[in-house]
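Asker: Dropping in my_file_12.tsv, which is TSV, C-alpha atoms and all ligand atoms:
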chain	number	residue	atom	x	y	z
A	1	MET	CA	70.10	100.96	111.17
A	2	PRO	CA	73.00	103.25	110.24
A	3	GLU	CA	72.90	106.68	111.87
A	4	ARG	CA	74.34	110.11	111.25
A	5	PHE	CA	75.10	112.68	113.91
A	6	LEU	CA	77.02	115.90	114.41
A	7	PHE	CA	80.62	115.18	115.46
A	8	GLY	CA	81.86	118.78	115.61
A	9	THR	CA	82.97	121.83	113.66
A	10	SER	CA	86.31	122.25	111.93
A	11	SER	CA	88.47	125.35	112.48
A	12	LYS	CA	87.30	126.48	109.02
A	13	GLY	CA	83.73	126.44	110.35
A	14	GLU	CA	82.68	123.30	108.46
A	15	ARG	CA	80.09	121.00	110.01
A	16	ILE	CA	81.68	117.56	110.49
A	17	ASP	CA	79.23	114.68	110.74
A	18	ALA	CA	79.83	111.15	111.94
A	19	LEU	CA	78.28	108.11	110.27
A	20	ARG	CA	77.80	105.02	112.39
A	21	ILE	CA	77.43	101.63	110.74
A	22	PHE	CA	76.55	98.31	112.35
A	23	ASP	CA	76.57	94.64	111.53
A	24	SER	CA	73.99	92.10	112.65
A	25	LYS	CA	76.28	90.96	115.51
A	26	GLY	CA	76.21	94.34	117.27
A	27	ASN	CA	79.68	95.44	116.17
A	28	SER	CA	79.86	99.06	115.04
A	29	ALA	CA	82.12	101.63	113.41
A	30	VAL	CA	82.01	105.41	113.42
A	31	ILE	CA	83.50	107.19	110.43
A	32	ILE	CA	83.74	110.99	110.50
A	33	GLU	CA	83.75	113.37	107.57
A	34	TYR	CA	87.08	114.86	108.63
A	35	GLY	CA	89.62	112.78	106.72
A	36	ALA	CA	86.98	110.03	106.17
A	37	THR	CA	88.47	108.82	109.43
A	38	VAL	CA	87.60	105.60	111.27
A	39	GLN	CA	86.97	107.22	114.67
A	40	SER	CA	85.88	104.06	116.44
A	41	LEU	CA	85.59	100.37	115.65
A	42	VAL	CA	83.83	98.60	118.50
A	43	ILE	CA	84.02	94.82	118.32
A	44	ASN	CA	82.53	92.30	120.72
A	45	SER	CA	85.22	90.15	122.29
A	46	LYS	CA	84.70	87.28	124.73
A	47	GLU	CA	85.38	89.84	127.46
A	48	GLY	CA	82.89	92.39	126.13
A	49	PRO	CA	82.98	95.22	123.58
A	50	VAL	CA	86.37	96.77	122.76
A	51	ASP	CA	87.08	99.93	120.82
A	52	THR	CA	89.94	98.50	118.76
A	53	VAL	CA	91.32	101.72	117.21
A	54	LEU	CA	93.02	104.85	118.51
A	55	GLY	CA	91.43	108.25	117.96
A	56	TYR	CA	90.09	111.47	119.39
A	57	ASP	CA	86.75	112.70	120.73
A	58	SER	CA	86.79	115.98	118.79
A	59	VAL	CA	87.53	117.43	115.35
A	60	GLN	CA	90.19	119.60	117.04
A	61	GLY	CA	91.94	116.44	118.21
A	62	TYR	CA	92.26	115.33	114.57
A	63	GLU	CA	93.24	118.82	113.37
A	64	ASN	CA	96.03	119.12	115.93
A	65	GLY	CA	97.08	115.46	115.93
A	66	THR	CA	100.20	114.32	114.12
A	67	CYS	CA	99.67	110.55	114.11
A	68	TYR	CA	96.95	110.15	111.43
A	69	TYR	CA	94.77	108.03	113.76
A	70	GLY	CA	92.26	106.19	111.55
A	71	THR	CA	92.50	108.70	108.71
A	72	THR	CA	92.37	108.20	104.97
A	73	VAL	CA	95.81	109.04	103.62
A	74	GLY	CA	96.56	110.32	100.11
A	75	ARG	CA	97.04	111.26	97.38
A	76	VAL	CA	100.18	109.22	98.00
A	77	ALA	CA	100.53	107.49	101.35
A	78	ASN	CA	104.04	107.15	102.83
A	79	ARG	CA	107.06	109.00	101.49
A	80	ILE	CA	108.15	110.54	98.20
A	81	SER	CA	111.85	111.36	98.27
A	82	ASN	CA	112.84	115.02	97.87
A	83	ALA	CA	109.11	115.74	97.35
A	84	LEU	CA	109.71	115.53	93.60
A	85	ILE	CA	107.97	113.46	90.97
A	86	CYS	CA	108.47	113.34	87.24
A	87	ILE	CA	105.59	112.27	85.02
A	88	ASP	CA	106.00	111.97	81.25
A	89	GLY	CA	109.10	114.18	81.47
A	90	GLU	CA	107.42	116.88	83.51
A	91	GLU	CA	108.66	117.57	87.02
A	92	TYR	CA	106.32	118.44	89.88
A	93	SER	CA	107.41	119.77	93.23
A	94	LEU	CA	105.29	118.56	96.15
A	95	THR	CA	104.97	119.82	99.71
A	96	ARG	CA	108.08	119.02	101.74
A	97	ASN	CA	106.50	118.23	105.07
A	98	GLU	CA	109.05	115.78	106.51
A	99	ASN	CA	112.84	116.02	106.22
A	100	GLY	CA	112.59	117.53	102.74
A	101	ASN	CA	110.38	114.64	101.57
A	102	CYS	CA	106.65	114.52	100.95
A	103	HIS	CA	104.95	112.41	103.60
A	104	HIS	CA	101.36	111.11	103.52
A	105	GLY	CA	100.19	113.40	100.73
A	106	GLY	CA	101.59	116.63	102.18
A	107	THR	CA	100.51	118.94	104.99
A	108	PHE	CA	96.85	119.17	103.99
A	109	GLY	CA	96.47	115.78	102.39
A	110	MET	CA	93.25	113.79	102.28
A	111	HIS	CA	93.51	113.15	106.03
A	112	ASP	CA	93.11	116.81	106.81
A	113	VAL	CA	90.13	117.85	104.70
A	114	LYS	CA	86.40	117.42	104.95
A	115	TRP	CA	84.90	114.59	102.93
A	116	ASP	CA	81.16	114.48	102.19
A	117	GLY	CA	79.55	111.51	103.88
A	118	SER	CA	76.31	109.82	102.82
A	119	PHE	CA	74.69	106.42	103.07
A	120	ASP	CA	74.16	103.97	100.25
A	121	GLY	CA	71.95	101.49	102.08
A	122	GLU	CA	74.05	100.25	105.00
A	123	THR	CA	77.31	101.44	103.41
A	124	ALA	CA	78.85	104.76	104.51
A	125	VAL	CA	80.25	106.57	101.49
A	126	PHE	CA	82.73	109.47	101.65
A	127	ARG	CA	83.66	111.63	98.68
A	128	CYS	CA	86.25	114.30	98.32
A	129	PHE	CA	87.53	116.56	95.56
A	130	SER	CA	91.20	117.48	95.49
A	131	PRO	CA	91.90	120.42	93.13
A	132	ASP	CA	94.69	120.59	90.56
A	133	GLY	CA	97.97	121.48	92.28
A	134	GLU	CA	96.88	120.58	95.80
A	135	GLU	CA	100.06	119.87	97.78
A	136	GLY	CA	101.80	120.07	94.39
A	137	PHE	CA	100.06	117.07	92.79
A	138	PRO	CA	98.99	117.46	89.16
A	139	GLY	CA	95.36	117.44	88.06
A	140	ASN	CA	92.03	117.32	89.80
A	141	MET	CA	91.30	114.14	91.70
A	142	GLU	CA	87.95	112.79	92.81
A	143	ALA	CA	88.19	110.18	95.54
A	144	GLU	CA	85.71	107.95	97.29
A	145	VAL	CA	85.93	105.54	100.22
A	146	ARG	CA	83.10	103.15	101.03
A	147	TYR	CA	82.85	101.51	104.46
A	148	ARG	CA	80.67	98.50	105.18
A	149	LEU	CA	80.54	96.38	108.31
A	150	ASP	CA	79.55	92.78	107.81
A	151	ASN	CA	79.90	89.87	110.21
A	152	GLY	CA	82.71	91.48	112.22
A	153	ALA	CA	84.58	92.72	109.13
A	154	LEU	CA	85.08	96.35	108.11
A	155	HIS	CA	85.30	96.51	104.31
A	156	MET	CA	86.93	99.59	102.81
A	157	VAL	CA	86.80	100.26	99.11
A	158	PHE	CA	88.94	103.12	97.79
A	159	ARG	CA	88.36	104.66	94.40
A	160	ALA	CA	89.87	107.63	92.62
A	161	VAL	CA	89.92	109.25	89.19
A	162	VAL	CA	92.12	112.07	87.88
A	163	ASP	CA	92.12	114.40	84.90
A	164	LYS	CA	95.92	114.55	84.58
A	165	PRO	CA	98.36	111.70	85.21
A	166	CYS	CA	99.15	111.57	88.94
A	167	PRO	CA	100.48	108.92	91.31
A	168	VAL	CA	97.76	107.61	93.65
A	169	ASN	CA	98.23	105.44	96.72
A	170	LEU	CA	95.26	105.75	99.08
A	171	THR	CA	95.22	103.92	102.38
A	172	ASN	CA	93.62	103.87	105.79
A	173	HIS	CA	95.78	104.65	108.81
A	174	CYS	CA	94.01	102.91	111.72
A	175	TYR	CA	96.16	102.11	114.73
A	176	PHE	CA	94.90	98.94	116.33
A	177	ASN	CA	94.98	97.93	119.93
A	178	LEU	CA	92.81	94.85	120.32
A	179	ALA	CA	92.84	95.21	124.11
A	180	GLY	CA	91.62	98.82	123.83
A	181	GLU	CA	94.41	100.07	126.13
A	182	GLY	CA	98.03	99.48	127.09
A	183	THR	CA	100.65	98.72	124.46
A	184	ILE	CA	100.56	96.34	121.53
A	185	LEU	CA	103.94	94.76	122.35
A	186	ASP	CA	102.33	91.55	123.57
A	187	HIS	CA	99.89	91.27	120.67
A	188	ASP	CA	100.86	88.46	118.30
A	189	MET	CA	101.26	89.36	114.66
A	190	ARG	CA	101.63	87.50	111.40
A	191	VAL	CA	102.61	89.17	108.11
A	192	GLY	CA	102.80	87.04	104.98
A	193	ALA	CA	105.92	88.58	103.49
A	194	ASP	CA	109.32	87.07	102.68
A	195	ARG	CA	110.90	90.48	102.19
A	196	TYR	CA	110.66	94.09	103.22
A	197	THR	CA	111.97	97.30	101.70
A	198	GLU	CA	115.17	98.46	103.34
A	199	THR	CA	115.14	102.13	104.27
A	200	GLY	CA	117.87	104.75	104.51
A	201	ALA	CA	117.84	108.36	105.70
A	202	GLY	CA	114.39	109.79	106.30
A	203	ASN	CA	112.87	106.29	106.14
A	204	ILE	CA	113.12	106.36	102.33
A	205	PRO	CA	113.57	102.99	100.59
A	206	THR	CA	117.07	102.32	99.32
A	207	GLY	CA	115.66	100.07	96.60
A	208	ARG	CA	117.01	96.91	98.27
A	209	LEU	CA	114.56	94.24	99.33
A	210	ILE	CA	115.74	92.36	102.41
A	211	ASP	CA	114.91	88.77	103.17
A	212	VAL	CA	113.14	88.49	106.55
A	213	GLU	CA	114.55	84.99	107.14
A	214	GLY	CA	116.66	84.94	110.30
A	215	THR	CA	115.94	88.62	111.10
A	216	PRO	CA	113.69	90.35	113.68
A	217	PHE	CA	111.47	91.23	110.71
A	218	ASP	CA	110.26	87.67	110.23
A	219	PHE	CA	106.54	87.56	111.10
A	220	ARG	CA	105.64	84.73	108.74
A	221	ALA	CA	104.57	82.76	111.81
A	222	MET	CA	102.66	84.43	114.66
A	223	LYS	CA	105.09	86.21	116.98
A	224	PRO	CA	104.65	88.80	119.74
A	225	ILE	CA	105.33	92.26	118.28
A	226	GLY	CA	107.62	93.09	121.20
A	227	LYS	CA	109.69	89.91	121.00
A	228	ASP	CA	112.48	91.22	118.76
A	229	ILE	CA	111.60	94.92	118.60
A	230	ASP	CA	114.63	95.97	120.69
A	231	CYS	CA	117.10	93.80	118.78
A	232	ASP	CA	120.38	95.29	117.69
A	233	ASP	CA	119.36	95.68	114.06
A	234	PRO	CA	120.25	98.99	112.36
A	235	GLN	CA	116.89	99.11	110.58
A	236	LEU	CA	115.00	98.74	113.87
A	237	ILE	CA	117.25	101.17	115.71
A	238	ALA	CA	116.83	103.89	113.06
A	239	ALA	CA	113.04	103.63	113.17
A	240	ARG	CA	112.82	102.99	116.97
A	241	GLY	CA	110.91	99.81	116.12
A	242	TYR	CA	108.97	98.57	113.10
A	243	ASP	CA	108.17	101.22	110.49
A	244	HIS	CA	108.74	99.29	107.31
A	245	ASN	CA	107.00	98.29	104.15
A	246	TYR	CA	106.54	94.53	103.87
A	247	CYS	CA	106.47	93.14	100.34
A	248	LEU	CA	103.40	90.96	100.62
A	249	ASN	CA	103.50	87.48	99.17
A	250	GLY	CA	101.01	86.59	96.48
A	251	ASN	CA	98.77	88.93	94.60
A	252	GLY	CA	95.11	89.67	94.12
A	253	PHE	CA	92.66	89.95	96.99
A	254	ARG	CA	94.15	87.75	99.70
A	255	GLU	CA	94.72	87.49	103.42
A	256	VAL	CA	98.08	89.12	104.20
A	257	ALA	CA	98.36	89.69	107.94
A	258	ALA	CA	96.76	89.02	111.31
A	259	LEU	CA	96.90	90.41	114.83
A	260	GLU	CA	95.84	88.59	117.97
A	261	CYS	CA	95.37	89.61	121.58
A	262	ARG	CA	95.58	86.59	123.89
A	263	ASP	CA	94.08	88.46	126.88
A	264	ASN	CA	90.60	88.90	125.44
A	265	GLY	CA	90.83	86.36	122.62
A	266	LEU	CA	90.28	88.92	119.87
A	267	GLY	CA	91.93	88.47	116.49
A	268	MET	CA	91.89	90.43	113.25
A	269	ARG	CA	92.88	89.45	109.73
A	270	ILE	CA	93.80	91.88	107.00
A	271	ILE	CA	92.69	91.06	103.50
A	272	THR	CA	93.77	93.31	100.65
A	273	ASP	CA	94.61	93.54	96.98
A	274	MET	CA	97.61	95.83	97.63
A	275	PRO	CA	101.24	94.65	97.19
A	276	GLY	CA	102.61	96.13	100.43
A	277	VAL	CA	101.79	96.94	104.02
A	278	GLN	CA	103.52	99.52	106.21
A	279	VAL	CA	103.95	97.94	109.62
A	280	TYR	CA	104.30	100.85	112.03
A	281	SER	CA	104.46	99.93	115.70
A	282	GLY	CA	103.58	103.42	116.97
A	283	ASN	CA	107.21	104.24	117.77
A	284	PHE	CA	106.72	108.00	117.77
A	285	ILE	CA	103.37	108.32	119.52
A	286	THR	CA	104.05	110.94	122.16
A	287	GLU	CA	102.06	110.94	125.37
A	288	GLU	CA	98.64	112.45	124.90
A	289	LYS	CA	95.00	111.94	125.83
A	290	GLY	CA	92.90	110.20	123.23
A	291	LYS	CA	89.27	109.10	123.19
A	292	ASN	CA	87.47	108.86	126.53
A	293	GLY	CA	90.54	110.14	128.35
A	294	THR	CA	92.63	107.08	127.40
A	295	LEU	CA	96.32	107.88	127.66
A	296	TYR	CA	98.32	107.09	124.51
A	297	GLY	CA	102.08	106.80	124.19
A	298	ARG	CA	104.82	104.85	122.44
A	299	ASN	CA	103.50	101.51	121.07
A	300	SER	CA	99.88	102.20	122.12
A	301	GLY	CA	98.73	101.02	118.72
A	302	ILE	CA	100.00	99.39	115.54
A	303	ALA	CA	99.19	100.72	112.09
A	304	LEU	CA	99.04	98.25	109.20
A	305	GLU	CA	98.76	100.44	106.14
A	306	THR	CA	98.08	98.55	102.94
A	307	GLN	CA	99.83	100.35	100.11
A	308	PHE	CA	102.01	100.47	97.03
A	309	TYR	CA	105.67	100.50	98.01
A	310	PRO	CA	106.93	103.82	99.41
A	311	ASP	CA	108.62	106.23	96.99
A	312	SER	CA	107.32	104.23	94.02
A	313	PRO	CA	107.20	107.35	91.79
A	314	ASN	CA	111.01	107.60	92.09
A	315	ARG	CA	111.81	103.90	91.96
A	316	PRO	CA	111.45	102.51	88.45
A	317	GLU	CA	112.08	99.02	89.86
A	318	PHE	CA	108.89	99.33	91.94
A	319	MET	CA	105.44	99.31	90.40
A	320	ASP	CA	104.33	102.31	88.33
A	321	ILE	CA	101.54	103.87	90.39
A	322	THR	CA	100.63	106.65	87.97
A	323	LEU	CA	96.89	106.90	87.54
A	324	ARG	CA	95.94	108.27	84.15
A	325	PRO	CA	92.79	110.04	82.97
A	326	GLY	CA	90.19	107.44	82.02
A	327	GLU	CA	91.59	104.89	84.49
A	328	VAL	CA	90.16	104.15	87.93
A	329	PHE	CA	92.21	103.56	91.06
A	330	SER	CA	90.30	100.88	92.92
A	331	SER	CA	91.44	98.97	95.96
A	332	GLU	CA	89.85	97.04	98.80
A	333	THR	CA	91.12	96.31	102.30
A	334	VAL	CA	89.20	94.41	104.98
A	335	TYR	CA	89.79	94.32	108.73
A	336	ALA	CA	88.08	91.04	109.65
A	337	PHE	CA	87.74	90.27	113.37
A	338	TYR	CA	87.43	86.83	114.92
A	339	SER	CA	87.58	85.13	118.32
A	340	LEU	CA	90.55	82.93	119.22
A	401	LIG	C1	104.87	106.27	108.98
A	401	LIG	C2	105.61	106.64	110.24
A	401	LIG	C3	104.96	107.87	110.83
A	401	LIG	C4	103.48	107.59	111.04
A	401	LIG	C5	102.73	108.80	111.52
A	401	LIG	C6	103.46	105.99	109.32
A	401	LIG	O1	102.76	105.66	108.17
A	401	LIG	O2	105.48	105.19	108.32
A	401	LIG	O3	106.97	106.89	109.98
A	401	LIG	O4	105.59	108.23	112.04
A	401	LIG	O5	102.89	107.16	109.85
A	401	LIG	O6	102.97	109.88	110.72
As structure tokens - that is how I would like this structure written.
Answerer:
Amino acid sequence: MPERFLFGTSSKGERIDALRIFDSKGNSAVIIEYGATVQSLVINSKEGPVDTVLGYDSVQGYENGTCYYGTTVGRVANRISNALICIDGEEYSLTRNENGNCHHGGTFGMHDVKWDGSFDGETAVFRCFSPDGEEGFPGNMEAEVRYRLDNGALHMVFRAVVDKPCPVNLTNHCYFNLAGEGTILDHDMRVGADRYTETGAGNIPTGRLIDVEGTPFDFRAMKPIGKDIDCDDPQLIAARGYDHNYCLNGNGFREVAALECRDNGLGMRIITDMPGVQVYSGNFITEEKGKNGTLYGRNSGIALETQFYPDSPNRPEFMDITLRPGEVFSSETVYAFYSL
């Protein structure tokens, strides 16, 4: 049976609860109201249970953290150049929280606010209201994320509505480590993408899509993440590793990527309806203590953030991600675990 318990208190004095969900195989996930964050995702491997995601033991850890471990990111995940958007001829200035750009929804984006958690049967539901002008975004937004664990798969359904046109790109920012410790450099990864978005200064897309063929970015067949990560490729050098949006092949709800850990035989597929995934190999994780005293550092986890392409609001050649009143943003991503 799902359970709810006190996780802690935010610095604003808000009570932050945790909701734990289970599947019939004894796998479990804990989602906390702060940022509707996946705080733990414990999966049974052949070698025993593994907490497969990075995170903290306390609300303060999440408040002070800079890595977005497991959080829900929005209104617009990834970067908006110059923190400016123009909708129907009207310009809006957003929070410049990274190199003059708007990153992950601004300083107090959806990752950094309390969501209200409740259960709908076995599903944990989190709702949050973002007022008009928050971090510069136009209109009120109501958002919801639903988490369900079924047969080793965490299903996440994102939903949002607005009362003024506003770009929306909600994602989850779990960092995975299928071994539960160490680095992810010897995990194998597959990403079903023929191209990725080239980035320039500030990790902002240049608009060019680069073919992965013959480059260190080719993960169309399973390959250890660390195999080519130190190659002499300007894109890799600038980002200190992978931190790029892959243009996922196909469309609709489909399998797009997989991770595997040979040591304990645990694998995970990602299924999504989104067109892109940010592959971020934890290049800037600085040394710190995470959950249960586990030491984190560079490459301790890999984030696979399903998303619309970065800077879409300023790139007419990318998809228009403006959500308009009367429309519903709705997207589903699944982290489905299996044994090798
Ligand atoms: C970004 C990285 C960033 C990380 C933590 C990722 O989504 O692409 O550049 O360092 O989030 O903020």
Asker: Let me have all residues with an atom within 9 Å of ligand LIG 401 (chain A), counting all atoms listed in the file, laid out as a list in words.
Answerer: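 Counting only what the definition allows, namely all atoms listed in the file, the set is Thr66, Cys67, Tyr68, Tyr69, Val73, Ala77, Asn78, Arg79, His103, His104, His173, Gly202, Asn203, Ala239, Tyr242, Asp243, His244, Asn245, Gln278, Val279, Tyr280, Ser281, Gly282, Asn283, Phe284, Ile285, Ala303, Leu304 and Glu305 of chain A.
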Asker: I'd like the contact shell of A:Asp194 - 12 Å cut-off, all atoms listed in the file, skipping same-chain residues fewer than 6 positions apart - returned as a list in words.
Answerer: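 Non-adjacent residues within range: Leu209, Ile210, Asp211, Val212, Glu213, Gly214, Thr215, Phe217, Asp218, Phe219, Arg220, Ala221, Asn245, Tyr246, Cys247, Leu248, Asn249, Gly250, Val256 and Gly276 of chain A.
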Asker: Rounded to one decimal, what separation in Å do you get between atom CA of A:Glu260 and atom CA of A:Leu178?
Answerer: 7.3 Å
Asker: From the list A:Gly152, A:Pro138, A:Gly48, A:Gly8, which residue is nearest A:Ser28 when using all atoms listed in the file?
Answerer: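 For A:Ser28, the nearest of the candidates is A:Gly152.
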Asker: Of the candidates A:Ser10, A:Ser331, A:Thr322, A:Ser81, which one gets nearest to A:Ser58 if we count all atoms listed in the file?
Answerer: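 Checking each candidate against A:Ser58, we get A:Ser10 as the closest.
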Asker: Extract, using only C-alpha atoms, all DNA, RNA and protein residues at most 10 Å from A:Ala143, discarding same-chain residues fewer than 5 positions from it, and format them as an MDAnalysis selection string.
Answerer: chainID A and resid 74:75 110 115 126:130 158:162 170 328:330
Asker: If you count all atoms listed in the file, which residues fall within 9 Å of A:Ala336, apart from same-chain ones fewer than 6 positions away, as a short mmCIF file (atom, residue, chain, number, x, y, z; two decimals) with C-alpha atoms, in the frame of the given file?
Answerer:
data_model
loop_
_atom_site.label_atom_id
_atom_site.label_comp_id
_atom_site.auth_asym_id
_atom_site.auth_seq_id
_atom_site.Cartn_x
_atom_site.Cartn_y
_atom_site.Cartn_z
CA ASP A 150 79.55 92.78 107.81
CA ASN A 151 79.90 89.87 110.21
CA GLY A 152 82.71 91.48 112.22
CA ALA A 153 84.58 92.72 109.13
CA LEU A 154 85.08 96.35 108.11
CA HIS A 155 85.30 96.51 104.31
CA GLY A 267 91.93 88.47 116.49
CA MET A 268 91.89 90.43 113.25
CA ARG A 269 92.88 89.45 109.73
CA ILE A 270 93.80 91.88 107.00
CA ILE A 271 92.69 91.06 103.50
#
Asker: So how many Å separate atom CA of A:Thr183 and atom CA of A:Ser300, to one decimal?
Answerer: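 Between these atoms lies a distance of 4.3 Å.
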Asker: Considering all atoms listed in the file, state which residue in the set A:Arg96, A:Arg254, A:Arg262, A:Arg315 is at the smallest distance from A:Pro205.
Answerer: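 Selected residue with least distance to A:Pro205: A:Arg315.
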Asker: Give the answer as one residue: which of A:Val113, A:Ile184, A:Val191, A:Ile204 has the shortest atom-to-atom distance to A:Val53, using only C-alpha atoms?
Answerer: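 That would be A:Ile184, the residue with the smallest distance to A:Val53.
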Asker: Return the single residue from A:Asn251, A:Gln235, A:Asn44, A:Asn97 that is closest to A:Thr199, with distances computed using all atoms listed in the file.
Answerer: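 The answer is A:Gln235, which sits nearest to A:Thr199.
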Asker: With a distance cut-off of 8 Å and all atoms listed in the file, select the neighbouring residues of A:Ile32, excluding the residue or stretch itself and same-chain residues fewer than 2 positions from it, and output the selection as a list in words.
Answerer: Phe7, Ile16, Asp17, Ala18, Leu19, Val30, Tyr34, Gly35, Ala36, Thr37, Val38, Gln39 and Gly117 of chain A
Asker: Print the selection's residues with C-alpha atoms to a file, as a PDB file, in the frame of the given file.
Answerer:
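Written out: result-v7.pdb:
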ATOM      1  CA  PHE A   7      80.620 115.180 115.460  1.00  0.00           C
ATOM      2  CA  ILE A  16      81.680 117.560 110.490  1.00  0.00           C
ATOM      3  CA  ASP A  17      79.230 114.680 110.740  1.00  0.00           C
ATOM      4  CA  ALA A  18      79.830 111.150 111.940  1.00  0.00           C
ATOM      5  CA  LEU A  19      78.280 108.110 110.270  1.00  0.00           C
ATOM      6  CA  VAL A  30      82.010 105.410 113.420  1.00  0.00           C
ATOM      7  CA  TYR A  34      87.080 114.860 108.630  1.00  0.00           C
ATOM      8  CA  GLY A  35      89.620 112.780 106.720  1.00  0.00           C
ATOM      9  CA  ALA A  36      86.980 110.030 106.170  1.00  0.00           C
ATOM     10  CA  THR A  37      88.470 108.820 109.430  1.00  0.00           C
ATOM     11  CA  VAL A  38      87.600 105.600 111.270  1.00  0.00           C
ATOM     12  CA  GLN A  39      86.970 107.220 114.670  1.00  0.00           C
ATOM     13  CA  GLY A 117      79.550 111.510 103.880  1.00  0.00           C
TER      14      GLY A 117
END
Asker: Quick one: of A:Ala257, A:Thr206, A:Glu288, A:Asp188, who's nearest to A:Lys227, counting all atoms listed in the file?
Answerer: A:Asp188
Asker: What is the distance between atom CA of A:Tyr338 and atom CA of A:Phe22, in Å to one decimal?
Answerer: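 Going from atom CA of A:Tyr338 over to atom CA of A:Phe22, I get 16.0 Å.
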Asker: Can you list, as a count of residues only, every protein, DNA or RNA residue that comes within 12 Å of A:Glu134 when you count only C-alpha atoms, leaving out same-chain residues fewer than 6 positions away?
Answerer: 16
Asker: Please determine an axis-aligned box that encloses all atoms of stretch 308-323 of chain A listed in the file, with 8 Å added on each side, and express its centre and edge lengths in Å to one decimal as lines of an AutoDock Vina configuration file.
Answerer:
center_x = 104.5
center_y = 103.3
center_z = 93.5
size_x = 31.2
size_y = 24.6
size_z = 27.9
Asker: Can you patch up stretch 242-247 of chain A, filling it in to all heavy atoms, and show the result as a CSV table (one decimal), in the frame of the given file?
Answerer:
chain,number,residue,atom,x,y,z
A,242,TYR,N,109.4,98.9,114.5
A,242,TYR,CA,109.0,98.6,113.1
A,242,TYR,C,108.3,99.8,112.5
A,242,TYR,O,107.4,100.4,113.1
A,242,TYR,CB,108.0,97.4,113.1
A,242,TYR,CG,108.6,96.1,113.6
A,242,TYR,CD1,108.4,95.7,114.9
A,242,TYR,CD2,109.5,95.4,112.9
A,242,TYR,CE1,109.0,94.6,115.5
A,242,TYR,CE2,110.1,94.3,113.4
A,242,TYR,CZ,109.8,93.8,114.7
A,242,TYR,OH,110.4,92.7,115.2
A,243,ASP,N,108.8,100.2,111.3
A,243,ASP,CA,108.2,101.2,110.5
A,243,ASP,C,108.6,100.9,109.1
A,243,ASP,O,109.3,101.7,108.5
A,243,ASP,CB,108.6,102.6,111.0
A,243,ASP,CG,107.8,103.7,110.3
A,243,ASP,OD1,106.9,103.4,109.6
A,243,ASP,OD2,108.1,104.9,110.6
A,244,HIS,N,108.2,99.8,108.6
A,244,HIS,CA,108.7,99.3,107.3
A,244,HIS,C,107.6,98.7,106.4
A,244,HIS,O,106.6,98.2,106.9
A,244,HIS,CB,109.8,98.2,107.6
A,244,HIS,CG,111.0,98.7,108.3
A,244,HIS,ND1,111.0,99.0,109.6
A,244,HIS,CD2,112.2,99.0,107.8
A,244,HIS,CE1,112.2,99.4,109.9
A,244,HIS,NE2,113.0,99.5,108.8
A,245,ASN,N,107.9,98.8,105.1
A,245,ASN,CA,107.0,98.3,104.2
A,245,ASN,C,107.3,96.8,103.9
A,245,ASN,O,108.4,96.5,103.5
A,245,ASN,CB,107.1,99.1,102.8
A,245,ASN,CG,106.4,98.4,101.7
A,245,ASN,OD1,105.1,98.3,101.7
A,245,ASN,ND2,107.1,97.9,100.7
A,246,TYR,N,106.4,96.0,104.2
A,246,TYR,CA,106.5,94.5,103.9
A,246,TYR,C,106.0,94.3,102.4
A,246,TYR,O,105.0,94.8,102.1
A,246,TYR,CB,105.8,93.7,104.9
A,246,TYR,CG,106.5,93.5,106.2
A,246,TYR,CD1,106.6,94.5,107.1
A,246,TYR,CD2,107.1,92.3,106.5
A,246,TYR,CE1,107.3,94.3,108.3
A,246,TYR,CE2,107.8,92.1,107.7
A,246,TYR,CZ,107.9,93.1,108.6
A,246,TYR,OH,108.6,92.9,109.7
A,247,CYS,N,106.8,93.5,101.7
A,247,CYS,CA,106.5,93.1,100.3
A,247,CYS,C,105.6,91.9,100.4
A,247,CYS,O,106.1,90.8,100.6
A,247,CYS,CB,107.7,92.8,99.5
A,247,CYS,SG,109.0,94.2,99.7
